[in-house]
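Some notes on the structure that comes next.
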Amino acid sequence: MLYAGIAWTADGYVVEVIDDTGNRTRPAARWGAERVPELTEWLSAMGGASGQPCAIVVESTNGLVDGLLTAGGLDVHRADPWILPPRPAFGSVPAITLAEQARTDLASLSPLTAAGGGQTGRDEDYHGGIERSAPIEAELTRSGRFFRHGSRDRKEVALTFDDGPDPVFTRQVLEILDRYQVRATFFCVGLHINALPDEVRRITDAGHSLGNHTWSHPFLPDLTSSQFRLQIERTSEAFEKAVGEVPTFFRPPYGARTPDALGELISDGPAVALWDVDSWDWARPGPEKIAQTVLDHTQPGSMILMHDGGGDRRESVAALPKVIEGLLERDLRCVSVQDLLRRAQP
């Protein structure tokens with residue numbers, strides 16, 4: 001059997017592959033964040049060429065590759081912090097460490113599914129973090145810096161797209177938005193901004209707005225407050241370099257919250273923009289189901305969660321025209337998150 005560990009860095013990903021004896025089967029491979037589709041194909045071909053199954057391991061601060069890997073039918077596992085050595089302030093543990101953990105104790109890892117995504121099996125930590133964050137969330141809400149939706153009194157909604165930019169799907173989303181002349185907001189991750197600055201400029205040139213979605217799409221309960229702040233700051237720096245501006249809104253990956261993370265936003269930093277309509281497009285239930293889910297739950301002021309990156313988003317793209325047409329039929333105007341929430345300030 002083969003074991004492949006995938007680590008993230010400031011520049012992309014490092015992959016190490018070892019066999020049952022712990023020997024490297026090839027030199028460490030480096031992949032830019034824009035090349036995850038190629039990485040998926042490479043891992044698929046490697047298993048087929050060797051005739052051996054391959055267990056692929058990511059850690060919980062890397063939420064950007066599992067979507068395409070699981071969509072490709074690969075065997076993906078997550079290594080959680082309590083079984084790993086400490087991470088650096090910015091980056092994951094080494095890829096060879098992840099591969100070795102799988103080789104020596106595969107049962108300690110959590111198998112990931114398309115339906116569960118990167119947080120598969122962490123429901124208790126997820127909901128516990130949200131419950132503990134309630135007092136800080138309330139404080140941010142009172143100060144006009146925490147939102148799930150906009151005003152219910154105006155026939156406006158915000159279409160939002162997470163986890164991009166993507167070299168294929170973001171352009172397809174932009175083409176559809178342009179066709180219907182509607183505005184949207186893209187919550188981008190730093191790894192992809194760094195790798196694809198032209199795509200970020202394409203978003204703003206088309207009149208759409210941006211939001212901060214961390215650097216590597218981590219599961220926030222596994223970050224220290226300083227690691228969280230670095231995720232936000234490095235992503236803001238990437239935005240500044242790409243388009244000369246820093247977004248004023250932040251969306252936590254998976255919607256996860258912790259007191260430490262929200263505490264970092266009390267005195268400064270971006271406001272939090274969640275959503276009240278989840279399209280569930282990340283689970284790939286089919287374009288018809290995605291569109292129907294959105295239209296069944298949207299009301300005036302809704303923030304609608306969809307995705308243009310972080311996985312196979314063909315179904316999201318296919319559903320988008322029906323979503324927009326359904327909103328327009330209800331006389332709901334699509335505006336940016338900034339415009340929607342400016343009118344909802346307390």
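Every chain in the structure tokens has a letter given in the order shown (A, B, ...), and although residue numbers restart at 1 in each chain, ligands are simply numbered from 1 in the order shown.
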**OP:** Just the strand (DSSP E) stuff from stretch 181-306 of chain A, please, per backbone DSSP, written as a list in words.
**Re:** Ala184, Thr185, Phe186, Phe187, Cys188, Ser209, Leu210, Gly211, Asn212, Phe249, Phe250, Ala271, Val272, Ala273, Val277, Asp278, Met303, Ile304, Leu305 and Met306 of chain A
Filtering to N, CA and C atoms, could you give me those residues as a CSV table (one decimal), in the first residue's frame?
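So the final result, stored in result08.csv, reads:
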```csv
chain,number,residue,atom,x,y,z
A,184,ALA,N,-22.5,39.8,-7.3
A,184,ALA,CA,-22.2,38.8,-6.3
A,184,ALA,C,-21.0,39.2,-5.5
A,185,THR,N,-20.7,38.4,-4.5
A,185,THR,CA,-19.6,38.5,-3.6
A,185,THR,C,-18.8,37.2,-3.6
A,186,PHE,N,-17.5,37.3,-3.7
A,186,PHE,CA,-16.6,36.1,-3.7
A,186,PHE,C,-15.7,36.1,-2.5
A,187,PHE,N,-15.9,35.1,-1.6
A,187,PHE,CA,-15.1,35.0,-0.4
A,187,PHE,C,-13.9,34.1,-0.8
A,188,CYS,N,-12.8,34.7,-1.0
A,188,CYS,CA,-11.6,34.0,-1.6
A,188,CYS,C,-10.6,33.6,-0.5
A,209,SER,N,-17.8,42.1,-5.6
A,209,SER,CA,-17.0,42.4,-4.4
A,209,SER,C,-16.4,41.1,-3.9
A,210,LEU,N,-15.5,41.4,-2.9
A,210,LEU,CA,-14.6,40.3,-2.3
A,210,LEU,C,-14.8,40.2,-0.8
A,211,GLY,N,-14.5,39.0,-0.3
A,211,GLY,CA,-14.5,38.8,1.1
A,211,GLY,C,-13.3,37.9,1.5
A,212,ASN,N,-12.9,38.0,2.7
A,212,ASN,CA,-11.7,37.2,3.2
A,212,ASN,C,-12.3,35.8,3.7
A,249,PHE,N,-15.2,42.3,4.9
A,249,PHE,CA,-16.0,41.2,5.5
A,249,PHE,C,-15.2,39.9,5.4
A,250,PHE,N,-15.4,39.1,6.4
A,250,PHE,CA,-14.8,37.8,6.6
A,250,PHE,C,-15.8,36.7,6.8
A,271,ALA,N,-15.6,42.5,9.5
A,271,ALA,CA,-16.9,42.0,10.1
A,271,ALA,C,-17.2,40.6,9.6
A,272,VAL,N,-18.0,39.9,10.3
A,272,VAL,CA,-18.3,38.5,9.9
A,272,VAL,C,-19.6,38.4,9.1
A,273,ALA,N,-19.5,37.8,8.0
A,273,ALA,CA,-20.7,37.6,7.2
A,273,ALA,C,-20.9,36.1,7.0
A,277,VAL,N,-28.9,30.9,3.9
A,277,VAL,CA,-29.3,29.9,2.9
A,277,VAL,C,-28.1,29.2,2.4
A,278,ASP,N,-28.1,27.9,2.7
A,278,ASP,CA,-27.0,27.0,2.3
A,278,ASP,C,-27.5,26.2,1.1
A,303,MET,N,-28.6,35.9,2.6
A,303,MET,CA,-27.2,35.7,2.0
A,303,MET,C,-27.1,34.2,1.6
A,304,ILE,N,-26.9,34.0,0.4
A,304,ILE,CA,-26.9,32.6,-0.2
A,304,ILE,C,-25.5,32.1,-0.4
A,305,LEU,N,-25.3,30.9,0.2
A,305,LEU,CA,-23.9,30.3,0.1
A,305,LEU,C,-23.9,29.3,-1.1
A,306,MET,N,-22.9,29.6,-2.0
A,306,MET,CA,-22.6,28.7,-3.1
A,306,MET,C,-21.1,28.7,-3.2
```
Using only C-alpha atoms, find each residue of stretch 34-75 of chain A with at least one atom at most 6 Å away from an atom of stretch 310-332 of chain A; report its shortest atom-to-atom pair and that distance in Å (one decimal), sort the rows by chain and rising residue number, and return the result as a tab-separated table.
```
residue	atom	partner	partner_atom	distance
A:Leu64	CA	A:Gly310	CA	4.9
A:Gly67	CA	A:Gly311	CA	4.3
A:Leu68	CA	A:Gly311	CA	4.4
```
Could you write out the selected residues, including all heavy atoms, as a PDB file, in the first residue's frame?
```
ATOM      1  N   LEU A  64      -8.796  22.689   1.313  1.00  0.00           N
ATOM      2  CA  LEU A  64      -8.950  23.111  -0.076  1.00  0.00           C
ATOM      3  C   LEU A  64      -8.722  22.020  -1.110  1.00  0.00           C
ATOM      4  O   LEU A  64      -8.972  22.248  -2.297  1.00  0.00           O
ATOM      5  CB  LEU A  64      -7.994  24.274  -0.364  1.00  0.00           C
ATOM      6  CG  LEU A  64      -8.288  25.558   0.399  1.00  0.00           C
ATOM      7  CD1 LEU A  64      -7.171  26.571   0.184  1.00  0.00           C
ATOM      8  CD2 LEU A  64      -9.626  26.135  -0.023  1.00  0.00           C
ATOM      9  N   GLY A  67     -12.035  18.239  -1.487  1.00  0.00           N
ATOM     10  CA  GLY A  67     -13.218  18.210  -2.337  1.00  0.00           C
ATOM     11  C   GLY A  67     -12.957  17.572  -3.695  1.00  0.00           C
ATOM     12  O   GLY A  67     -13.703  16.684  -4.131  1.00  0.00           O
ATOM     13  N   LEU A  68     -11.883  17.994  -4.359  1.00  0.00           N
ATOM     14  CA  LEU A  68     -11.559  17.399  -5.663  1.00  0.00           C
ATOM     15  C   LEU A  68     -11.064  15.969  -5.520  1.00  0.00           C
ATOM     16  O   LEU A  68     -11.358  15.116  -6.362  1.00  0.00           O
ATOM     17  CB  LEU A  68     -10.504  18.243  -6.377  1.00  0.00           C
ATOM     18  CG  LEU A  68     -11.025  19.393  -7.242  1.00  0.00           C
ATOM     19  CD1 LEU A  68      -9.875  20.193  -7.816  1.00  0.00           C
ATOM     20  CD2 LEU A  68     -11.894  18.856  -8.380  1.00  0.00           C
TER      21      LEU A  68
END
```
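Among the candidate residues A:Val14, A:Ala7, A:Ala134, A:Leu39, the one lying nearest to A:Leu262 is A:Ala134, with distances computed using only C-alpha atoms.
Residue nearest A:Glu16, chosen from A:Thr97, A:His307, A:Ser92, A:Asp75 and counting only C-alpha atoms: A:Thr97.
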Original post:
Looking at only C-alpha atoms, which of A:Thr104, A:Asp276, A:Gly309, A:Ile130 is the one that sits closest to A:Gln172?
Top reply: A:Gly309
**OP:** May I have the residues within 7 Å of A:Ser216 as a list in words, using only C-alpha atoms and disregarding those fewer than 6 positions away in the same chain?
**Re:**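 With the cut-off at 7 Å, the set is Thr61, Asn62, Gly63, Leu64, Val189, Gly190 and Leu191 of chain A.
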Since we have the selection now, will you write its residues out, keeping all heavy atoms, as a CSV table (one decimal), in the first residue's frame?
```
chain,number,residue,atom,x,y,z
A,61,THR,N,-6.1,21.8,9.0
A,61,THR,CA,-6.0,23.2,8.5
A,61,THR,C,-5.9,23.3,7.0
A,61,THR,O,-5.6,24.4,6.5
A,61,THR,CB,-4.8,23.9,9.2
A,61,THR,OG1,-3.6,23.2,8.8
A,61,THR,CG2,-4.9,23.8,10.7
A,62,ASN,N,-6.1,22.2,6.3
A,62,ASN,CA,-6.0,22.2,4.9
A,62,ASN,C,-7.4,21.7,4.4
A,62,ASN,O,-7.7,20.6,4.2
A,62,ASN,CB,-4.9,21.2,4.4
A,62,ASN,CG,-4.8,21.1,2.9
A,62,ASN,OD1,-5.6,21.8,2.2
A,62,ASN,ND2,-3.9,20.3,2.4
A,63,GLY,N,-8.3,22.7,4.0
A,63,GLY,CA,-9.6,22.4,3.6
A,63,GLY,C,-9.9,22.7,2.1
A,63,GLY,O,-11.0,22.9,1.7
A,64,LEU,N,-8.8,22.7,1.3
A,64,LEU,CA,-8.9,23.1,-0.1
A,64,LEU,C,-8.7,22.0,-1.1
A,64,LEU,O,-9.0,22.2,-2.3
A,64,LEU,CB,-8.0,24.3,-0.4
A,64,LEU,CG,-8.3,25.6,0.4
A,64,LEU,CD1,-7.2,26.6,0.2
A,64,LEU,CD2,-9.6,26.1,0.0
A,189,VAL,N,-9.9,32.5,-0.8
A,189,VAL,CA,-8.8,32.0,0.1
A,189,VAL,C,-7.5,32.5,-0.4
A,189,VAL,O,-7.2,32.6,-1.6
A,189,VAL,CB,-8.9,30.4,0.2
A,189,VAL,CG1,-10.1,30.0,0.9
A,189,VAL,CG2,-8.9,29.8,-1.2
A,190,GLY,N,-6.6,32.7,0.6
A,190,GLY,CA,-5.3,33.3,0.3
A,190,GLY,C,-4.5,32.5,-0.6
A,190,GLY,O,-3.8,33.0,-1.5
A,191,LEU,N,-4.5,31.2,-0.5
A,191,LEU,CA,-3.7,30.3,-1.3
A,191,LEU,C,-4.0,30.5,-2.8
A,191,LEU,O,-3.2,30.5,-3.7
A,191,LEU,CB,-3.8,28.8,-0.9
A,191,LEU,CG,-2.8,28.2,0.0
A,191,LEU,CD1,-3.3,26.9,0.5
A,191,LEU,CD2,-1.4,28.1,-0.6
```
**OP:** as a VMD selection string, please: all residues of stretch 94-270 of chain A that backbone DSSP puts in helix (DSSP H, G or I).
**Re:** chain A and resid 95 to 108 117 to 119 123 to 132 134 to 142 169 to 180 190 to 195 197 to 205 220 to 222 225 to 243 253 to 255 259 to 263
Original post:
Looking at only C-alpha atoms, which of A:Leu295, A:Ala242, A:Ala45, A:Ala256 is the one that sits closest to A:Val200?
Top reply: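 Ranked by minimum distance to A:Val200, first place goes to A:Ala242.
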Original post:
A:Arg183: which residues within 12 Å, counting only C-alpha atoms, same-chain residues fewer than 4 positions away excluded, as a PyMOL selection string?
Top reply: chain A and resi 156-161+173-179+203-210+324+333-340
File dump, residues just selected, N, CA and C atoms, as a PDB file, in the first residue's frame:
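Listed below is the output, result.pdb:
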```
ATOM      1  N   GLU A 156     -33.933  42.525  -1.573  1.00  0.00           N
ATOM      2  CA  GLU A 156     -32.552  42.339  -2.013  1.00  0.00           C
ATOM      3  C   GLU A 156     -31.991  41.083  -1.365  1.00  0.00           C
ATOM      4  N   VAL A 157     -31.106  40.411  -2.099  1.00  0.00           N
ATOM      5  CA  VAL A 157     -30.385  39.250  -1.579  1.00  0.00           C
ATOM      6  C   VAL A 157     -28.937  39.349  -2.043  1.00  0.00           C
ATOM      7  N   ALA A 158     -28.076  38.553  -1.411  1.00  0.00           N
ATOM      8  CA  ALA A 158     -26.670  38.517  -1.810  1.00  0.00           C
ATOM      9  C   ALA A 158     -26.295  37.093  -2.218  1.00  0.00           C
ATOM     10  N   LEU A 159     -25.909  36.935  -3.480  1.00  0.00           N
ATOM     11  CA  LEU A 159     -25.319  35.679  -3.933  1.00  0.00           C
ATOM     12  C   LEU A 159     -23.845  35.695  -3.536  1.00  0.00           C
ATOM     13  N   THR A 160     -23.387  34.634  -2.875  1.00  0.00           N
ATOM     14  CA  THR A 160     -21.984  34.582  -2.460  1.00  0.00           C
ATOM     15  C   THR A 160     -21.369  33.265  -2.898  1.00  0.00           C
ATOM     16  N   PHE A 161     -20.076  33.324  -3.220  1.00  0.00           N
ATOM     17  CA  PHE A 161     -19.340  32.157  -3.711  1.00  0.00           C
ATOM     18  C   PHE A 161     -18.049  32.012  -2.909  1.00  0.00           C
ATOM     19  N   VAL A 173     -18.734  31.051 -13.587  1.00  0.00           N
ATOM     20  CA  VAL A 173     -19.683  31.778 -12.741  1.00  0.00           C
ATOM     21  C   VAL A 173     -19.777  33.229 -13.192  1.00  0.00           C
ATOM     22  N   LEU A 174     -18.636  33.861 -13.465  1.00  0.00           N
ATOM     23  CA  LEU A 174     -18.638  35.256 -13.895  1.00  0.00           C
ATOM     24  C   LEU A 174     -19.382  35.443 -15.213  1.00  0.00           C
ATOM     25  N   GLU A 175     -19.238  34.496 -16.114  1.00  0.00           N
ATOM     26  CA  GLU A 175     -19.944  34.598 -17.397  1.00  0.00           C
ATOM     27  C   GLU A 175     -21.455  34.565 -17.194  1.00  0.00           C
ATOM     28  N   ILE A 176     -21.927  33.712 -16.278  1.00  0.00           N
ATOM     29  CA  ILE A 176     -23.362  33.621 -16.013  1.00  0.00           C
ATOM     30  C   ILE A 176     -23.860  34.889 -15.327  1.00  0.00           C
ATOM     31  N   LEU A 177     -23.112  35.384 -14.355  1.00  0.00           N
ATOM     32  CA  LEU A 177     -23.506  36.621 -13.678  1.00  0.00           C
ATOM     33  C   LEU A 177     -23.589  37.778 -14.668  1.00  0.00           C
ATOM     34  N   ASP A 178     -22.653  37.830 -15.595  1.00  0.00           N
ATOM     35  CA  ASP A 178     -22.656  38.895 -16.598  1.00  0.00           C
ATOM     36  C   ASP A 178     -23.868  38.767 -17.523  1.00  0.00           C
ATOM     37  N   ARG A 179     -24.210  37.548 -17.862  1.00  0.00           N
ATOM     38  CA  ARG A 179     -25.357  37.315 -18.748  1.00  0.00           C
ATOM     39  C   ARG A 179     -26.645  37.878 -18.142  1.00  0.00           C
ATOM     40  N   ILE A 203     -12.631  39.302 -11.164  1.00  0.00           N
ATOM     41  CA  ILE A 203     -13.839  39.439 -10.342  1.00  0.00           C
ATOM     42  C   ILE A 203     -14.160  40.913 -10.111  1.00  0.00           C
ATOM     43  N   THR A 204     -13.170  41.675  -9.688  1.00  0.00           N
ATOM     44  CA  THR A 204     -13.428  43.086  -9.379  1.00  0.00           C
ATOM     45  C   THR A 204     -13.663  43.896 -10.652  1.00  0.00           C
ATOM     46  N   ASP A 205     -12.983  43.558 -11.728  1.00  0.00           N
ATOM     47  CA  ASP A 205     -13.201  44.278 -12.982  1.00  0.00           C
ATOM     48  C   ASP A 205     -14.638  44.109 -13.483  1.00  0.00           C
ATOM     49  N   ALA A 206     -15.254  42.977 -13.110  1.00  0.00           N
ATOM     50  CA  ALA A 206     -16.643  42.730 -13.519  1.00  0.00           C
ATOM     51  C   ALA A 206     -17.647  43.390 -12.581  1.00  0.00           C
ATOM     52  N   GLY A 207     -17.156  44.101 -11.563  1.00  0.00           N
ATOM     53  CA  GLY A 207     -18.042  44.836 -10.676  1.00  0.00           C
ATOM     54  C   GLY A 207     -18.513  44.090  -9.453  1.00  0.00           C
ATOM     55  N   HIS A 208     -17.899  42.941  -9.169  1.00  0.00           N
ATOM     56  CA  HIS A 208     -18.287  42.154  -8.004  1.00  0.00           C
ATOM     57  C   HIS A 208     -17.390  42.492  -6.808  1.00  0.00           C
ATOM     58  N   SER A 209     -17.798  42.062  -5.635  1.00  0.00           N
ATOM     59  CA  SER A 209     -17.044  42.387  -4.423  1.00  0.00           C
ATOM     60  C   SER A 209     -16.363  41.147  -3.859  1.00  0.00           C
ATOM     61  N   LEU A 210     -15.468  41.393  -2.893  1.00  0.00           N
ATOM     62  CA  LEU A 210     -14.617  40.342  -2.347  1.00  0.00           C
ATOM     63  C   LEU A 210     -14.770  40.228  -0.844  1.00  0.00           C
ATOM     64  N   ILE A 324     -30.674  32.206 -10.370  1.00  0.00           N
ATOM     65  CA  ILE A 324     -30.837  33.635 -10.675  1.00  0.00           C
ATOM     66  C   ILE A 324     -32.219  33.909 -11.255  1.00  0.00           C
ATOM     67  N   ARG A 333     -33.611  41.482  -5.990  1.00  0.00           N
ATOM     68  CA  ARG A 333     -32.438  42.041  -6.656  1.00  0.00           C
ATOM     69  C   ARG A 333     -31.174  41.514  -5.996  1.00  0.00           C
ATOM     70  N   CYS A 334     -30.202  41.082  -6.797  1.00  0.00           N
ATOM     71  CA  CYS A 334     -28.929  40.567  -6.285  1.00  0.00           C
ATOM     72  C   CYS A 334     -27.944  41.720  -6.112  1.00  0.00           C
ATOM     73  N   VAL A 335     -27.474  41.914  -4.889  1.00  0.00           N
ATOM     74  CA  VAL A 335     -26.533  42.978  -4.578  1.00  0.00           C
ATOM     75  C   VAL A 335     -25.334  42.379  -3.851  1.00  0.00           C
ATOM     76  N   SER A 336     -24.301  43.197  -3.669  1.00  0.00           N
ATOM     77  CA  SER A 336     -23.130  42.721  -2.936  1.00  0.00           C
ATOM     78  C   SER A 336     -23.449  42.576  -1.458  1.00  0.00           C
ATOM     79  N   VAL A 337     -22.642  41.780  -0.768  1.00  0.00           N
ATOM     80  CA  VAL A 337     -22.776  41.660   0.683  1.00  0.00           C
ATOM     81  C   VAL A 337     -22.630  43.030   1.338  1.00  0.00           C
ATOM     82  N   GLN A 338     -21.686  43.828   0.841  1.00  0.00           N
ATOM     83  CA  GLN A 338     -21.470  45.159   1.405  1.00  0.00           C
ATOM     84  C   GLN A 338     -22.737  46.002   1.333  1.00  0.00           C
ATOM     85  N   ASP A 339     -23.402  46.009   0.177  1.00  0.00           N
ATOM     86  CA  ASP A 339     -24.613  46.806   0.031  1.00  0.00           C
ATOM     87  C   ASP A 339     -25.765  46.235   0.848  1.00  0.00           C
ATOM     88  N   LEU A 340     -25.882  44.919   0.855  1.00  0.00           N
ATOM     89  CA  LEU A 340     -26.967  44.275   1.612  1.00  0.00           C
ATOM     90  C   LEU A 340     -26.863  44.597   3.102  1.00  0.00           C
TER      91      LEU A 340
END
```
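Atom pair atom CA of A:Trp282 / atom CA of A:Arg132 has a distance of 26.5 Å (rounded to one decimal).
Interatomic distance, atom CA of A:Asp11 to atom CA of A:Ala195: 7.6 Å.
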**OP:** Skip A:Asp19 itself and residues of its chain fewer than 4 positions away, then list as a list in words all residues within 10 Å of it, counting only C-alpha atoms.
**Re:**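 Here the answer would be Met1, Leu2, Tyr3, Ala4, Asn23, Arg24, Thr25, Gln52, Cys54, Ala99, Glu100 and Arg103 of chain A.
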Considering only C-alpha atoms, tabulate each residue of stretch 220-290 of chain A that lies at most 9 Å from stretch 79-90 of chain A along with its nearest interatomic pair and the corresponding distance in Å to one decimal; arrange the rows by chain and ascending residue number and present them as a tab-separated table.
```
residue	atom	partner	partner_atom	distance
A:Asp222	CA	A:Pro81	CA	7.0
A:Thr224	CA	A:Ala89	CA	8.9
A:Ser226	CA	A:Ala89	CA	7.6
A:Gln227	CA	A:Ala89	CA	5.6
A:Leu230	CA	A:Phe90	CA	7.0
A:Gln231	CA	A:Phe90	CA	7.6
```
What would the file look like if the residues just selected were written as a short mmCIF file (atom, residue, chain, number, x, y, z; two decimals), in the first residue's frame with all heavy atoms?
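Produced file result-v9.cif, reproduced below:
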```
data_model
loop_
_atom_site.label_atom_id
_atom_site.label_comp_id
_atom_site.auth_asym_id
_atom_site.auth_seq_id
_atom_site.Cartn_x
_atom_site.Cartn_y
_atom_site.Cartn_z
N ASP A 222 -9.17 24.21 15.52
CA ASP A 222 -7.82 23.66 15.62
C ASP A 222 -6.73 24.72 15.49
O ASP A 222 -5.54 24.38 15.44
CB ASP A 222 -7.61 22.57 14.56
CG ASP A 222 -8.48 21.35 14.82
OD1 ASP A 222 -9.02 21.24 15.94
OD2 ASP A 222 -8.62 20.53 13.90
N THR A 224 -4.80 28.25 17.00
CA THR A 224 -4.65 29.19 18.10
C THR A 224 -5.08 30.58 17.61
O THR A 224 -5.24 30.80 16.40
CB THR A 224 -3.19 29.26 18.56
OG1 THR A 224 -2.39 29.81 17.49
CG2 THR A 224 -2.66 27.88 18.93
N SER A 226 -3.33 33.26 17.49
CA SER A 226 -2.28 33.85 16.64
C SER A 226 -2.26 33.20 15.26
O SER A 226 -2.02 33.88 14.25
CB SER A 226 -0.92 33.72 17.32
OG SER A 226 -0.59 32.37 17.54
N GLN A 227 -2.49 31.89 15.19
CA GLN A 227 -2.55 31.22 13.89
C GLN A 227 -3.74 31.72 13.08
O GLN A 227 -3.63 31.92 11.86
CB GLN A 227 -2.63 29.71 14.08
CG GLN A 227 -1.34 29.08 14.57
CD GLN A 227 -1.51 27.64 15.00
OE1 GLN A 227 -2.62 27.19 15.31
NE2 GLN A 227 -0.42 26.90 15.03
N LEU A 230 -2.93 35.19 11.66
CA LEU A 230 -2.04 35.09 10.51
C LEU A 230 -2.81 34.70 9.25
O LEU A 230 -2.53 35.19 8.15
CB LEU A 230 -0.92 34.08 10.78
CG LEU A 230 0.32 34.60 11.49
CD1 LEU A 230 1.27 33.45 11.78
CD2 LEU A 230 1.02 35.67 10.66
N GLN A 231 -3.77 33.79 9.39
CA GLN A 231 -4.59 33.38 8.25
C GLN A 231 -5.32 34.60 7.66
O GLN A 231 -5.38 34.77 6.43
CB GLN A 231 -5.61 32.33 8.68
CG GLN A 231 -5.02 30.97 9.00
CD GLN A 231 -5.15 30.00 7.85
OE1 GLN A 231 -5.93 30.19 6.92
NE2 GLN A 231 -4.38 28.92 7.91
#
```
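Using only C-alpha atoms for every distance, the candidate list A:Ile6, A:Leu140, A:Val17, A:Leu220 yields A:Ile6 as the residue closest to A:Trp31.
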Original post:
Nearest to A:Arg251 among A:Val36, A:Pro221, A:Phe147, A:Glu288, with distances taken over only C-alpha atoms: which residue is it?
Top reply: A:Phe147
For A:Gly73, work out the shell of residues within 12 Å, counting only C-alpha atoms and skipping chain neighbours fewer than 2 positions away, then give it as a PDB file with C-alpha atoms, in the first residue's frame.
```pdb
ATOM      1  CA  THR A  40      -5.720  14.814  -8.314  1.00  0.00           C
ATOM      2  CA  GLU A  41      -4.976  13.229 -11.678  1.00  0.00           C
ATOM      3  CA  LEU A  43      -2.434  10.756  -7.468  1.00  0.00           C
ATOM      4  CA  SER A  44      -5.044   8.743  -9.377  1.00  0.00           C
ATOM      5  CA  GLY A  47      -2.212   4.329  -7.716  1.00  0.00           C
ATOM      6  CA  PRO A  53      -4.167   1.321  -3.115  1.00  0.00           C
ATOM      7  CA  CYS A  54      -3.110   4.747  -1.842  1.00  0.00           C
ATOM      8  CA  ALA A  55      -4.273   6.419   1.363  1.00  0.00           C
ATOM      9  CA  ILE A  56      -4.073  10.207   1.036  1.00  0.00           C
ATOM     10  CA  ASP A  66     -10.238  17.165  -0.189  1.00  0.00           C
ATOM     11  CA  GLY A  67     -13.218  18.210  -2.337  1.00  0.00           C
ATOM     12  CA  LEU A  68     -11.559  17.399  -5.663  1.00  0.00           C
ATOM     13  CA  LEU A  69      -9.802  14.343  -4.259  1.00  0.00           C
ATOM     14  CA  THR A  70     -12.989  12.747  -2.934  1.00  0.00           C
ATOM     15  CA  ALA A  71     -14.847  13.725  -6.126  1.00  0.00           C
ATOM     16  CA  ASP A  75      -9.232   7.510  -0.457  1.00  0.00           C
ATOM     17  CA  VAL A  76      -8.758  10.659   1.623  1.00  0.00           C
ATOM     18  CA  LEU A 112     -13.425  12.002   4.559  1.00  0.00           C
ATOM     19  CA  THR A 113     -16.610  11.906   2.514  1.00  0.00           C
ATOM     20  CA  ALA A 114     -18.105  14.245  -0.065  1.00  0.00           C
ATOM     21  CA  ASP A 312     -15.736  19.945  -8.447  1.00  0.00           C
TER      22      ASP A 312
END
```
Subject >> 7 Å contact set for A:Ile232, only C-alpha atoms, chain neighbours under 4 positions out, as a list of chain:residue names >> reply: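 Once the nearby chain positions are removed, what remains is A:Thr214, A:Trp215, A:Phe228, A:Ser236.
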